[in-house]
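Novice: Please see the structure below; I have some questions.
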Amino acid sequence: MKNYELIVIYNPQLSDNQIKEALEKTKKIISSHQGEILTEDTLGRKKFTHAIKKNRDGFYYYMKVKGNPEEVKEMNYNLRLQENVLRVSLISAALETAKK
């Protein structure tokens, strides 16, 4: 299993409850593809330099995820299909330095 960094940008017009529901749906997608969430952090609302789907800002959420590479491809695809998601960035995490 490899470590990945995931950033999901949600539609800025969602209410707080709708964002919580969207986050739960994201977590269910990760767990259904045998992924494990290591850490998570809310980065809040940020402005874009260019509009994404006619939006000038979005709600950012960051997670470190552990998963199998084959399952991660399918997870990434399913995350992008969510209705309230503007953008998904899923990249392999940098190797941590070895302990001396």
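We label chains A, B, ... in the order they appear in the structure tokens, count residues from 1 in each chain, and number ligands from 1 in the order shown.
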Write out as an MDAnalysis selection string which residues come within 8 Å of Lys27 (chain A) when counting only C-alpha atoms, dropping same-chain ones fewer than 4 positions away.
Specialist: chainID A and resid 23 31 37
Novice: So which bits of chain A end up alpha helix (DSSP H) when you DSSP the backbone, as a list in words?
Specialist: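 DSSP-assigned alpha helix (DSSP H) residues in chain A: Asp16, Asn17, Gln18, Ile19, Lys20, Glu21, Ala22, Leu23, Glu24, Lys25, Thr26, Lys27, Lys28, Ile29, Ile30, Ser31, Ser32, Pro69, Glu70, Glu71, Val72, Lys73, Glu74, Met75, Asn76, Tyr77, Asn78, Leu79 and Arg80 of chain A.
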Novice: Rank A:Glu74, A:Lys54, A:Tyr61, A:Ala22 by their smallest atom-to-atom distance to Ser89 (chain A), using only C-alpha atoms, and report the top residue only.
Specialist: A:Tyr61
Novice: Excluding Val8 (chain A) and residues on its chain fewer than 3 positions from it, collect all residues at most 9 Å away from it, counting only C-alpha atoms, and give them as JSON, numbers by chain.
Specialist: {"A": [26, 59, 60, 61, 62, 63, 79, 80, 85, 86, 87, 88, 89, 90]}
Novice: Which is closest to Ile9 (chain A) among A:Asn78, A:Leu43, A:Gln34, A:Lys73, if we use only C-alpha atoms?
Specialist: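 Smallest separation from Ile9 (chain A) among the options: A:Leu43.
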Novice: Could you pull out the residues in region 44-82 of chain A that DSSP calls strand (DSSP E or B) from the backbone, as a list of chain:residue names?
Specialist: A:Gly44, A:Arg45, A:Lys46, A:Lys47, A:Phe48, A:Thr49, A:His50, A:Ala51, A:Ile52, A:Asn55, A:Arg56, A:Asp57, A:Gly58, A:Phe59, A:Tyr60, A:Tyr61, A:Tyr62, A:Met63, A:Lys64, A:Val65, A:Lys66, A:Gly67
Novice: Mind pulling up the distance from CA of Leu38 (chain A) to CA of Lys66 (chain A)?
Specialist: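 That distance, rounded to one decimal, is 6.9 Å.
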Novice: Env of Gly67 (chain A): 8 Å cut, atoms = only C-alpha atoms, seq-sep filter 2 positions within chain, self excluded. Answer as a PyMOL selection string.
Specialist: chain A and resi 1-4+33-36+65+69+71-72
